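Chemist: Below are the structure tokens for one structure; questions will follow.
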Amino acid sequence: MSAIAGIVQHSGLSPDDRQLERMMQALERYPADDRRIWRAEHAAFGCHAQWITPESRGERLPYSCERTGLAITADAILDNREELFDRLRIARGLRAGMTDSELILCAYEAWDVEAARYLIGDYAFAIWDAKRGRLFGARDLQGNRTLYYSADEQRFAFCTVVGPLLALPGIQSEVEESWLAEFLAIPVILDTVDVHATAYRGIRQIPPGHSFSLTGGRLTLRQHDAIAIPQQPLKLKSDGDYVEAFRHVFREAVQARLRTIGEVGASLSGGLDSGAVASFAAESLRGQGRTLHTFSSVPPADFVDWTLKSMAADETPFIQAAVRHIGNLTNRRLDFAGRSPLDEVDDLIGLMEAPYKFFENSIWIKGMLEEASRQGIGVLLNGAAGNFTISWGPAPDYYARLLRRLQWRRLHAELKAYGRYNGVGRKKLLPYIAGLAWRQGRQAAGRRSEEERPSLIHPELARRTNVLEKLQDHDVGLSEWSELASRAYQFENLAAANHQGTSATKLSLQYGVAERDPTADPRVIRFCLSLPMEQFVKDGMDRALVRRAAAGMLPDEIRLNQRVRGVQGADWIHRMRFSWPALTDEVRQLCADPAAAGYLNTDQIRRSLQKLGPAPRAEAAFDPDARIVMQSLIVYRFLRRLSGPKA
């Protein structure tokens, strides 16, 4: 993938060459295969290119077409090239060597501002249309590539990352309070629900699935595409037809993401999502005479698994079973011994350009990309969106819906089969199912119960920004949502896609490895959303669609496993045991710093620190007080970075 940048000057002025050069210099922190600048009378583009696909090797971006007067800079990998070639009637002799950016220009010529809704893939691009005096651009539906901008009366500037915009004159490194308030108030991994905002005052972002037009200094945003659950489910003749249709759609999504001049890699745990991605990828690569290179995170050797029997902090036995069964793949199990989440904080704040919440998994997320880069991986596959697409299927929530609809016969048969799979009787299941049915009824009536939990946001900041009221209708961990409602929110609201795309973009740029997720392909999402619920929970089996589709491709100890679930991050406190005193000292410093006290709930931080003590046990890994303490340190370091001298 690549980093793009550009400036459009208003009021008939020409862009200041020095400003774009400053932006391009700020991009030099990332590896690049090529670096170019294009200038016109009122616009200037830059591209810090990373060549990933065969078509991109040697690509000259920005690219200007003399025939049309159009110029483009693009960070794009398109996954529906053949469909676009056919729609645009591009001669077959021209297709193999055509770059994705040239294909985007062809789409713009044909469909003007509607072009983005025909594109499938990971992309952010900008086109200067000299004849119309218009800047047009777009970001992909799932937000897999980012695009930030700053706009004022004189200048519109954009970039893949924030740092180069901060290098421009007139832009200050100041925190955006409303963004920070949401970040602090939301207890789950999500950063914010405002898909336009960033952590920086005066810098905004193009939301996922949106295009923009800038004409005469006026910026217009519009949503070019959206995902919604269909009103009527897809009806096929048999269960087997649903499975075959899924295999076809998913195989197409996986194959589209294998285009790379490097090696193909995949993250592999012991679960269904990554296993399905790896098995389909290995199958396709075998036909090309290529091998899939997989990477797995495991706890350090001295970690003692303290989790419940139904959880697996170390998925090594499942990983080994997958490797043996799938074939045509290599596997590296990485324990990152000696690395602590505290060691990664400053580096990750710099990479993410903001505070972050994934500290429990930060070591392996970052470390896996480091290893993939060393091994020459061009594309690293994952199954991050799988829980809501290919492996969705929350059996208890489905059974609660059957109970609410009084579908007794089906409920009886399902509970009997589910109990047999999971070793639990109906007498224990029914009270739990009845409780879920009652809560679903409350949610349908608009009533959600909130439970007390420690909060990181300072009460005055919460009041000043009205953040809790803003968040009350969002699935962000502040109130109880059913799995059915959460799934709809996941796709109809853009916040989750924005969050995932932000980390994928910034980490991929740093390591020159494109993270790609076939479970988030719009074609896969739309297919899965179109299916009746009975395809996802069937005969006592949760996540039933992917379990049936993976028959023969995954070993049954993974495919049919409903009793043990992998759990990530259970070892983070264990990894911190030697660095906890340093963390404690810094957090105490934080609590005494007036600059932090205006944003952070220092009273709660002190209580959480006292509760954890000087040497918390590994079992505190999922304690909300432990999250409060670690997250407060990350935010504090970000705020200190903002207040430091401008680079």
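FYI, nothing fancy with the structure tokens labels: chains A, B, ... in order, residues from 1 per chain, ligands from 1 as they appear.
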Please identify all polymer residues within 9 Å of segment 350-363 of chain A, counting only C-alpha atoms, omitting same-chain residues fewer than 4 positions from it, and present them as a PDB file with C-alpha atoms, in the first residue's frame.

Modeler:
```
ATOM      1  CA  VAL A 161      -1.753   9.825   7.912  1.00  0.00           C
ATOM      2  CA  VAL A 162      -1.989  12.789  10.273  1.00  0.00           C
ATOM      3  CA  GLY A 163       1.680  13.626  10.813  1.00  0.00           C
ATOM      4  CA  PHE A 183     -12.096   7.608  23.714  1.00  0.00           C
ATOM      5  CA  VAL A 188     -14.485  -1.336  24.875  1.00  0.00           C
ATOM      6  CA  ILE A 189     -11.772  -1.429  22.202  1.00  0.00           C
ATOM      7  CA  LEU A 190     -13.545   1.145  19.993  1.00  0.00           C
ATOM      8  CA  ASP A 191     -11.960   4.610  20.007  1.00  0.00           C
ATOM      9  CA  THR A 198      -9.611  12.726  14.899  1.00  0.00           C
ATOM     10  CA  ALA A 199      -7.561  13.197  18.040  1.00  0.00           C
ATOM     11  CA  TYR A 200      -6.372  16.547  16.650  1.00  0.00           C
ATOM     12  CA  PHE A 336       7.815 -12.663  22.015  1.00  0.00           C
ATOM     13  CA  ARG A 339       8.627  -8.111  25.643  1.00  0.00           C
ATOM     14  CA  SER A 340       6.177  -6.133  27.746  1.00  0.00           C
ATOM     15  CA  PRO A 341       3.181  -4.012  26.657  1.00  0.00           C
ATOM     16  CA  LEU A 342       4.851  -1.113  28.448  1.00  0.00           C
ATOM     17  CA  ASP A 343       7.824  -1.384  26.089  1.00  0.00           C
ATOM     18  CA  GLU A 344       5.583  -0.791  23.076  1.00  0.00           C
ATOM     19  CA  VAL A 345       3.671   2.292  24.255  1.00  0.00           C
ATOM     20  CA  ASP A 346       5.752   5.121  22.818  1.00  0.00           C
ATOM     21  CA  GLY A 367       5.568  -8.333  16.466  1.00  0.00           C
ATOM     22  CA  MET A 368       3.772 -10.441  13.875  1.00  0.00           C
ATOM     23  CA  THR A 502      -7.134   3.029  11.083  1.00  0.00           C
ATOM     24  CA  SER A 503      -4.873   0.500  12.760  1.00  0.00           C
ATOM     25  CA  LYS A 506      -0.895   2.794   9.920  1.00  0.00           C
ATOM     26  CA  LEU A 507       0.693  -0.506  10.848  1.00  0.00           C
ATOM     27  CA  GLN A 510       5.296   1.071   8.881  1.00  0.00           C
ATOM     28  CA  GLN A 568      -6.221 -13.344  23.672  1.00  0.00           C
ATOM     29  CA  GLY A 569      -4.253 -11.146  26.013  1.00  0.00           C
ATOM     30  CA  ALA A 570      -4.516 -13.354  29.089  1.00  0.00           C
ATOM     31  CA  ASP A 571      -0.748 -13.093  29.528  1.00  0.00           C
ATOM     32  CA  TRP A 572      -0.305  -9.298  29.468  1.00  0.00           C
ATOM     33  CA  ILE A 573      -0.119  -8.845  33.252  1.00  0.00           C
ATOM     34  CA  ALA A 621      -5.502  -9.433  33.031  1.00  0.00           C
ATOM     35  CA  ARG A 627      -7.310  -1.668  32.040  1.00  0.00           C
ATOM     36  CA  MET A 630      -2.674   0.887  31.686  1.00  0.00           C
ATOM     37  CA  GLN A 631      -4.945   2.964  29.496  1.00  0.00           C
ATOM     38  CA  ILE A 634      -1.105   5.527  27.343  1.00  0.00           C
ATOM     39  CA  VAL A 635      -3.340   8.620  27.253  1.00  0.00           C
ATOM     40  CA  TYR A 636      -0.953  10.505  29.528  1.00  0.00           C
ATOM     41  CA  ARG A 637       2.012   9.821  27.262  1.00  0.00           C
ATOM     42  CA  PHE A 638      -0.002  10.955  24.250  1.00  0.00           C
ATOM     43  CA  LEU A 639      -0.947  14.219  25.960  1.00  0.00           C
TER      44      LEU A 639
END
```

Chemist: Would you tabulate, counting only C-alpha atoms, all residues of segment 356-418 of chain A that have an atom at most 12 Å from an atom of segment 516-525 of chain A, showing the closest pair of atoms and their distance in Å to one decimal, sorted by chain then ascending number, as CSV?

Modeler:
```
residue,atom,partner,partner_atom,distance
A:Gly378,CA,A:Arg516,CA,10.3
A:Val379,CA,A:Arg516,CA,6.7
A:Leu380,CA,A:Arg516,CA,6.1
A:Leu381,CA,A:Arg516,CA,4.9
A:Asn382,CA,A:Asp517,CA,5.1
A:Gly383,CA,A:Asp517,CA,5.5
A:Ala384,CA,A:Asp517,CA,6.6
A:Ala385,CA,A:Ala520,CA,5.5
A:Gly386,CA,A:Thr519,CA,5.2
A:Asn387,CA,A:Thr519,CA,8.9
A:Phe388,CA,A:Ile525,CA,8.4
A:Thr389,CA,A:Ile525,CA,5.8
A:Ile390,CA,A:Thr519,CA,6.5
A:Ser391,CA,A:Thr519,CA,9.2
A:Trp392,CA,A:Ile525,CA,10.9
```

Chemist: The selected residues should be written to file as a PDB file, in the first residue's frame (atoms: N, CA and C atoms).

Modeler:
```
ATOM      1  N   GLY A 378       4.217  -9.895   1.468  1.00  0.00           N
ATOM      2  CA  GLY A 378       3.588  -8.720   0.871  1.00  0.00           C
ATOM      3  C   GLY A 378       2.186  -8.501   1.384  1.00  0.00           C
ATOM      4  N   VAL A 379       1.438  -9.594   1.559  1.00  0.00           N
ATOM      5  CA  VAL A 379       0.057  -9.556   2.049  1.00  0.00           C
ATOM      6  C   VAL A 379      -0.047 -10.486   3.240  1.00  0.00           C
ATOM      7  N   LEU A 380      -0.597  -9.971   4.342  1.00  0.00           N
ATOM      8  CA  LEU A 380      -0.831 -10.786   5.537  1.00  0.00           C
ATOM      9  C   LEU A 380      -2.331 -10.871   5.756  1.00  0.00           C
ATOM     10  N   LEU A 381      -2.896 -12.047   5.558  1.00  0.00           N
ATOM     11  CA  LEU A 381      -4.336 -12.258   5.688  1.00  0.00           C
ATOM     12  C   LEU A 381      -4.726 -12.413   7.151  1.00  0.00           C
ATOM     13  N   ASN A 382      -5.939 -11.988   7.469  1.00  0.00           N
ATOM     14  CA  ASN A 382      -6.500 -12.251   8.792  1.00  0.00           C
ATOM     15  C   ASN A 382      -8.001 -12.441   8.668  1.00  0.00           C
ATOM     16  N   GLY A 383      -8.642 -12.779   9.775  1.00  0.00           N
ATOM     17  CA  GLY A 383     -10.086 -12.978   9.790  1.00  0.00           C
ATOM     18  C   GLY A 383     -10.751 -12.119  10.840  1.00  0.00           C
ATOM     19  N   ALA A 384     -10.314 -10.855  10.929  1.00  0.00           N
ATOM     20  CA  ALA A 384     -10.735  -9.981  12.030  1.00  0.00           C
ATOM     21  C   ALA A 384     -12.236  -9.745  12.083  1.00  0.00           C
ATOM     22  N   ALA A 385     -12.895  -9.700  10.925  1.00  0.00           N
ATOM     23  CA  ALA A 385     -14.334  -9.411  10.901  1.00  0.00           C
ATOM     24  C   ALA A 385     -15.190 -10.668  10.966  1.00  0.00           C
ATOM     25  N   GLY A 386     -14.547 -11.826  11.090  1.00  0.00           N
ATOM     26  CA  GLY A 386     -15.274 -13.087  10.968  1.00  0.00           C
ATOM     27  C   GLY A 386     -16.373 -13.307  11.975  1.00  0.00           C
ATOM     28  N   ASN A 387     -16.203 -12.775  13.203  1.00  0.00           N
ATOM     29  CA  ASN A 387     -17.214 -13.016  14.232  1.00  0.00           C
ATOM     30  C   ASN A 387     -18.592 -12.505  13.846  1.00  0.00           C
ATOM     31  N   PHE A 388     -18.636 -11.503  12.958  1.00  0.00           N
ATOM     32  CA  PHE A 388     -19.925 -10.956  12.545  1.00  0.00           C
ATOM     33  C   PHE A 388     -20.304 -11.366  11.128  1.00  0.00           C
ATOM     34  N   THR A 389     -19.429 -12.135  10.456  1.00  0.00           N
ATOM     35  CA  THR A 389     -19.732 -12.543   9.081  1.00  0.00           C
ATOM     36  C   THR A 389     -19.704 -14.062   8.965  1.00  0.00           C
ATOM     37  N   ILE A 390     -18.548 -14.619   8.642  1.00  0.00           N
ATOM     38  CA  ILE A 390     -18.516 -16.038   8.292  1.00  0.00           C
ATOM     39  C   ILE A 390     -18.768 -16.946   9.491  1.00  0.00           C
ATOM     40  N   SER A 391     -18.355 -16.529  10.703  1.00  0.00           N
ATOM     41  CA  SER A 391     -18.514 -17.416  11.861  1.00  0.00           C
ATOM     42  C   SER A 391     -19.523 -16.865  12.856  1.00  0.00           C
ATOM     43  N   TRP A 392     -20.400 -16.011  12.371  1.00  0.00           N
ATOM     44  CA  TRP A 392     -21.453 -15.531  13.257  1.00  0.00           C
ATOM     45  C   TRP A 392     -22.412 -16.680  13.570  1.00  0.00           C
TER      46      TRP A 392
END
```

Chemist: Rank A:Gly97, A:Pro431, A:Pro230, A:Gly512 by their smallest atom-to-atom distance to Met1 of chain A, using only C-alpha atoms, and report the top residue only.

Modeler: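 Smallest distance to Met1 of chain A is found for A:Gly512.
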
Chemist: Go through segment 60-231 of chain A and collect every residue that DSSP, computed from the backbone, puts in alpha helix (DSSP H); the answer should be as an MDAnalysis selection string.

Modeler: chainID A and resid 81:88 92:95 100:111 163:166 177:185

Chemist: Name all residues at most 9 Å from Asn493 of chain A (count only C-alpha atoms; drop same-chain ones fewer than 6 positions away) and give them as a ChimeraX atom specification.

Modeler: /A:193,227,474

Chemist: Rank A:Ala395, A:Leu609, A:Leu642, A:Ala151 by their smallest atom-to-atom distance to Leu165 of chain A, using only C-alpha atoms, and report the top residue only.

Modeler: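 Checking each candidate against Leu165 of chain A, we get A:Ala151 as the closest.
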
Chemist: Just want the 12 Å neighbourhood of Glu586 of chain A, counted on only C-alpha atoms, with same-chain residues fewer than 3 positions away dropped. Output as a PyMOL selection string.

Modeler: chain A and resi 342+579-583+589-593+605-606+609+629-630+632-634+636-637

Chemist: Applying 10 Å and only C-alpha atoms, which residues near Leu141 of chain A remain after dropping the ones on its own chain fewer than 3 positions away? List them as a PDB file with N, CA, C and O atoms, in the first residue's frame.

Modeler:
```pdb
ATOM      1  N   ALA A 116     -16.986   5.534  -7.123  1.00  0.00           N
ATOM      2  CA  ALA A 116     -16.532   4.765  -5.962  1.00  0.00           C
ATOM      3  C   ALA A 116     -17.460   3.612  -5.615  1.00  0.00           C
ATOM      4  O   ALA A 116     -17.011   2.591  -5.092  1.00  0.00           O
ATOM      5  N   ARG A 117     -18.730   3.753  -5.893  1.00  0.00           N
ATOM      6  CA  ARG A 117     -19.650   2.681  -5.488  1.00  0.00           C
ATOM      7  C   ARG A 117     -19.505   1.421  -6.341  1.00  0.00           C
ATOM      8  O   ARG A 117     -20.064   0.376  -6.003  1.00  0.00           O
ATOM      9  N   LEU A 119     -16.409   0.216  -6.954  1.00  0.00           N
ATOM     10  CA  LEU A 119     -15.089  -0.312  -6.608  1.00  0.00           C
ATOM     11  C   LEU A 119     -15.169  -1.187  -5.365  1.00  0.00           C
ATOM     12  O   LEU A 119     -15.790  -0.817  -4.370  1.00  0.00           O
ATOM     13  N   ILE A 120     -14.508  -2.335  -5.402  1.00  0.00           N
ATOM     14  CA  ILE A 120     -14.378  -3.210  -4.241  1.00  0.00           C
ATOM     15  C   ILE A 120     -12.892  -3.394  -3.966  1.00  0.00           C
ATOM     16  O   ILE A 120     -12.118  -3.711  -4.865  1.00  0.00           O
ATOM     17  N   GLY A 121     -12.514  -3.181  -2.722  1.00  0.00           N
ATOM     18  CA  GLY A 121     -11.114  -3.331  -2.349  1.00  0.00           C
ATOM     19  C   GLY A 121     -10.760  -2.417  -1.203  1.00  0.00           C
ATOM     20  O   GLY A 121     -11.640  -1.900  -0.504  1.00  0.00           O
ATOM     21  N   ASP A 122      -9.473  -2.227  -0.999  1.00  0.00           N
ATOM     22  CA  ASP A 122      -8.971  -1.326   0.037  1.00  0.00           C
ATOM     23  C   ASP A 122      -8.407  -0.107  -0.684  1.00  0.00           C
ATOM     24  O   ASP A 122      -7.408  -0.220  -1.410  1.00  0.00           O
ATOM     25  N   TYR A 123      -9.028   1.049  -0.485  1.00  0.00           N
ATOM     26  CA  TYR A 123      -8.553   2.196  -1.254  1.00  0.00           C
ATOM     27  C   TYR A 123      -8.886   3.527  -0.598  1.00  0.00           C
ATOM     28  O   TYR A 123      -9.842   3.668   0.157  1.00  0.00           O
ATOM     29  N   ALA A 138     -12.245   9.405  -2.598  1.00  0.00           N
ATOM     30  CA  ALA A 138     -13.117   8.484  -1.870  1.00  0.00           C
ATOM     31  C   ALA A 138     -12.295   7.550  -1.002  1.00  0.00           C
ATOM     32  O   ALA A 138     -11.092   7.369  -1.209  1.00  0.00           O
ATOM     33  N   ASN A 144     -10.762   0.501   5.005  1.00  0.00           N
ATOM     34  CA  ASN A 144      -9.486  -0.188   5.179  1.00  0.00           C
ATOM     35  C   ASN A 144      -8.273   0.689   4.891  1.00  0.00           C
ATOM     36  O   ASN A 144      -7.147   0.309   5.209  1.00  0.00           O
ATOM     37  N   ARG A 145      -8.480   1.818   4.250  1.00  0.00           N
ATOM     38  CA  ARG A 145      -7.416   2.805   4.076  1.00  0.00           C
ATOM     39  C   ARG A 145      -7.944   4.155   4.565  1.00  0.00           C
ATOM     40  O   ARG A 145      -9.107   4.492   4.337  1.00  0.00           O
ATOM     41  N   PRO A 207     -14.964   9.667   6.199  1.00  0.00           N
ATOM     42  CA  PRO A 207     -15.449   8.422   6.801  1.00  0.00           C
ATOM     43  C   PRO A 207     -15.418   7.258   5.811  1.00  0.00           C
ATOM     44  O   PRO A 207     -15.374   7.460   4.591  1.00  0.00           O
ATOM     45  N   PRO A 208     -15.450   6.030   6.305  1.00  0.00           N
ATOM     46  CA  PRO A 208     -15.553   4.868   5.409  1.00  0.00           C
ATOM     47  C   PRO A 208     -16.778   4.988   4.509  1.00  0.00           C
ATOM     48  O   PRO A 208     -17.826   5.504   4.923  1.00  0.00           O
ATOM     49  N   GLY A 209     -16.631   4.507   3.278  1.00  0.00           N
ATOM     50  CA  GLY A 209     -17.772   4.493   2.370  1.00  0.00           C
ATOM     51  C   GLY A 209     -18.219   5.864   1.910  1.00  0.00           C
ATOM     52  O   GLY A 209     -19.335   6.016   1.416  1.00  0.00           O
ATOM     53  N   HIS A 210     -17.366   6.854   2.037  1.00  0.00           N
ATOM     54  CA  HIS A 210     -17.712   8.220   1.641  1.00  0.00           C
ATOM     55  C   HIS A 210     -16.792   8.710   0.526  1.00  0.00           C
ATOM     56  O   HIS A 210     -15.617   8.352   0.469  1.00  0.00           O
ATOM     57  N   SER A 211     -17.339   9.558  -0.327  1.00  0.00           N
ATOM     58  CA  SER A 211     -16.557  10.281  -1.316  1.00  0.00           C
ATOM     59  C   SER A 211     -16.664  11.765  -1.011  1.00  0.00           C
ATOM     60  O   SER A 211     -17.543  12.204  -0.256  1.00  0.00           O
ATOM     61  N   GLN A 223     -22.137   9.774   1.210  1.00  0.00           N
ATOM     62  CA  GLN A 223     -21.904   8.342   1.391  1.00  0.00           C
ATOM     63  C   GLN A 223     -22.200   7.633   0.085  1.00  0.00           C
ATOM     64  O   GLN A 223     -23.333   7.646  -0.401  1.00  0.00           O
ATOM     65  N   HIS A 224     -21.176   7.021  -0.492  1.00  0.00           N
ATOM     66  CA  HIS A 224     -21.356   6.385  -1.796  1.00  0.00           C
ATOM     67  C   HIS A 224     -21.834   4.951  -1.693  1.00  0.00           C
ATOM     68  O   HIS A 224     -22.306   4.370  -2.688  1.00  0.00           O
ATOM     69  N   ASP A 225     -21.759   4.365  -0.501  1.00  0.00           N
ATOM     70  CA  ASP A 225     -22.219   2.982  -0.352  1.00  0.00           C
ATOM     71  C   ASP A 225     -22.481   2.712   1.121  1.00  0.00           C
ATOM     72  O   ASP A 225     -21.989   3.436   1.994  1.00  0.00           O
ATOM     73  N   ALA A 226     -23.272   1.693   1.395  1.00  0.00           N
ATOM     74  CA  ALA A 226     -23.597   1.322   2.774  1.00  0.00           C
ATOM     75  C   ALA A 226     -23.951  -0.153   2.803  1.00  0.00           C
ATOM     76  O   ALA A 226     -24.263  -0.764   1.777  1.00  0.00           O
ATOM     77  N   ILE A 227     -23.895  -0.713   3.998  1.00  0.00           N
ATOM     78  CA  ILE A 227     -24.286  -2.109   4.201  1.00  0.00           C
ATOM     79  C   ILE A 227     -25.442  -2.141   5.175  1.00  0.00           C
ATOM     80  O   ILE A 227     -25.391  -1.504   6.236  1.00  0.00           O
ATOM     81  N   LEU A 494     -20.619   3.109  11.029  1.00  0.00           N
ATOM     82  CA  LEU A 494     -19.297   3.030  10.405  1.00  0.00           C
ATOM     83  C   LEU A 494     -18.144   3.033  11.393  1.00  0.00           C
ATOM     84  O   LEU A 494     -16.979   2.927  10.999  1.00  0.00           O
ATOM     85  N   ALA A 497     -15.763  -0.178  11.474  1.00  0.00           N
ATOM     86  CA  ALA A 497     -14.926  -0.251  10.275  1.00  0.00           C
ATOM     87  C   ALA A 497     -13.830   0.803  10.320  1.00  0.00           C
ATOM     88  O   ALA A 497     -12.676   0.546   9.956  1.00  0.00           O
ATOM     89  N   ASN A 498     -14.176   1.985  10.771  1.00  0.00           N
ATOM     90  CA  ASN A 498     -13.205   3.065  10.858  1.00  0.00           C
ATOM     91  C   ASN A 498     -12.070   2.713  11.821  1.00  0.00           C
ATOM     92  O   ASN A 498     -10.895   2.940  11.539  1.00  0.00           O
ATOM     93  N   ALA A 520     -14.046  -9.456   5.668  1.00  0.00           N
ATOM     94  CA  ALA A 520     -14.639  -8.120   5.603  1.00  0.00           C
ATOM     95  C   ALA A 520     -14.901  -7.684   4.166  1.00  0.00           C
ATOM     96  O   ALA A 520     -15.241  -6.517   3.936  1.00  0.00           O
ATOM     97  N   ASP A 521     -14.741  -8.574   3.207  1.00  0.00           N
ATOM     98  CA  ASP A 521     -15.072  -8.253   1.819  1.00  0.00           C
ATOM     99  C   ASP A 521     -16.567  -7.910   1.738  1.00  0.00           C
ATOM    100  O   ASP A 521     -17.401  -8.651   2.260  1.00  0.00           O
ATOM    101  N   PRO A 522     -16.941  -6.793   1.109  1.00  0.00           N
ATOM    102  CA  PRO A 522     -18.368  -6.430   1.039  1.00  0.00           C
ATOM    103  C   PRO A 522     -19.239  -7.526   0.444  1.00  0.00           C
ATOM    104  O   PRO A 522     -20.406  -7.680   0.842  1.00  0.00           O
TER     105      PRO A 522
END
```

Chemist: Within 8 Å of segment 546-553 of chain A, counting only C-alpha atoms, which residues qualify if same-chain residues fewer than 4 places away don't, as a VMD selection string?

Modeler: chain A and resid 243 to 244 246 to 247 272 276 279 to 280 325 to 326 390 to 391 559 to 560

Chemist: Distance atom CA of Arg405 of chain A-atom CA of Ala437 of chain A, one decimal place?

Modeler: 9.6 Å

Chemist: Distance atom CA of Gly143 of chain A-atom CA of Glu492 of chain A, one decimal place?

Modeler: 13.2 Å

Chemist: Looking only at the backbone, which of the residues in segment 249-296 of chain A does DSSP tag as strand (DSSP E or B), as a PyMOL selection string?

Modeler: chain A and resi 263-267+292-296

Chemist: Pull N, CA and C atoms from the residues just selected and write them as a short mmCIF file (atom, residue, chain, number, x, y, z; two decimals), in the first residue's frame.

Modeler:
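Writing done, so here's again_35.cif:
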```cif
data_model
loop_
_atom_site.label_atom_id
_atom_site.label_comp_id
_atom_site.auth_asym_id
_atom_site.auth_seq_id
_atom_site.Cartn_x
_atom_site.Cartn_y
_atom_site.Cartn_z
N GLU A 263 5.60 -12.66 -0.71
CA GLU A 263 4.99 -13.91 -0.26
C GLU A 263 3.63 -13.60 0.38
N VAL A 264 2.79 -14.62 0.46
CA VAL A 264 1.48 -14.48 1.11
C VAL A 264 1.56 -15.07 2.51
N GLY A 265 1.14 -14.31 3.49
CA GLY A 265 1.11 -14.77 4.87
C GLY A 265 -0.28 -14.73 5.44
N ALA A 266 -0.44 -15.29 6.62
CA ALA A 266 -1.73 -15.25 7.32
C ALA A 266 -1.48 -15.41 8.81
N SER A 267 -2.24 -14.70 9.60
CA SER A 267 -2.22 -14.95 11.04
C SER A 267 -3.08 -16.18 11.30
N LEU A 292 1.65 -20.89 1.60
CA LEU A 292 1.16 -19.91 2.57
C LEU A 292 2.06 -19.93 3.80
N HIS A 293 2.45 -18.74 4.26
CA HIS A 293 3.31 -18.62 5.44
C HIS A 293 2.46 -18.07 6.59
N THR A 294 2.26 -18.88 7.63
CA THR A 294 1.39 -18.47 8.73
C THR A 294 2.20 -18.12 9.97
N PHE A 295 1.61 -17.24 10.79
CA PHE A 295 2.25 -16.75 12.01
C PHE A 295 1.25 -16.86 13.15
N SER A 296 1.69 -17.41 14.25
CA SER A 296 0.81 -17.64 15.40
C SER A 296 1.44 -17.08 16.66
#
```

Chemist: Given only C-alpha atoms as the basis, pick out the residue of A:Ala110, A:Ala514, A:Ile457, A:Val424 nearest to Gly376 of chain A.

Modeler: A:Ala514

Chemist: Hey, which of A:Ser608, A:Val513, A:Arg332, A:Phe318 ends up closest to Asn561 of chain A? Count only C-alpha atoms.

Modeler: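 Ranking A:Ser608, A:Val513, A:Arg332, A:Phe318 by distance to Asn561 of chain A, first place goes to A:Phe318.
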
Chemist: Go through A:Ala74, A:Ala495, A:Leu84, A:Val587 and flag the residue nearest Ser2 of chain A, using only C-alpha atoms for the distances.

Modeler: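 Ranked by minimum distance to Ser2 of chain A, first place goes to A:Ala74.
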
Chemist: Closest to His499 of chain A among A:Thr53, A:Thr602, A:Ser455, A:Thr192, using only C-alpha atoms?

Modeler: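 That would be A:Thr192, the residue with the smallest distance to His499 of chain A.
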
Chemist: Take atom CA of Gly501 of chain A and atom CA of Gly137 of chain A and report the distance between them in Å, one decimal.

Modeler: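 Separation between atom CA of Gly501 of chain A and atom CA of Gly137 of chain A: 17.2 Å.
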
Chemist: Using only C-alpha atoms, which protein or nucleic acid residues come within 12 Å of Ala462 of chain A? Drop anything in the same chain fewer than 2 positions from it, and give the result as a PyMOL selection string.

Modeler: chain A and resi 177-186+455-460+464-471+598-601
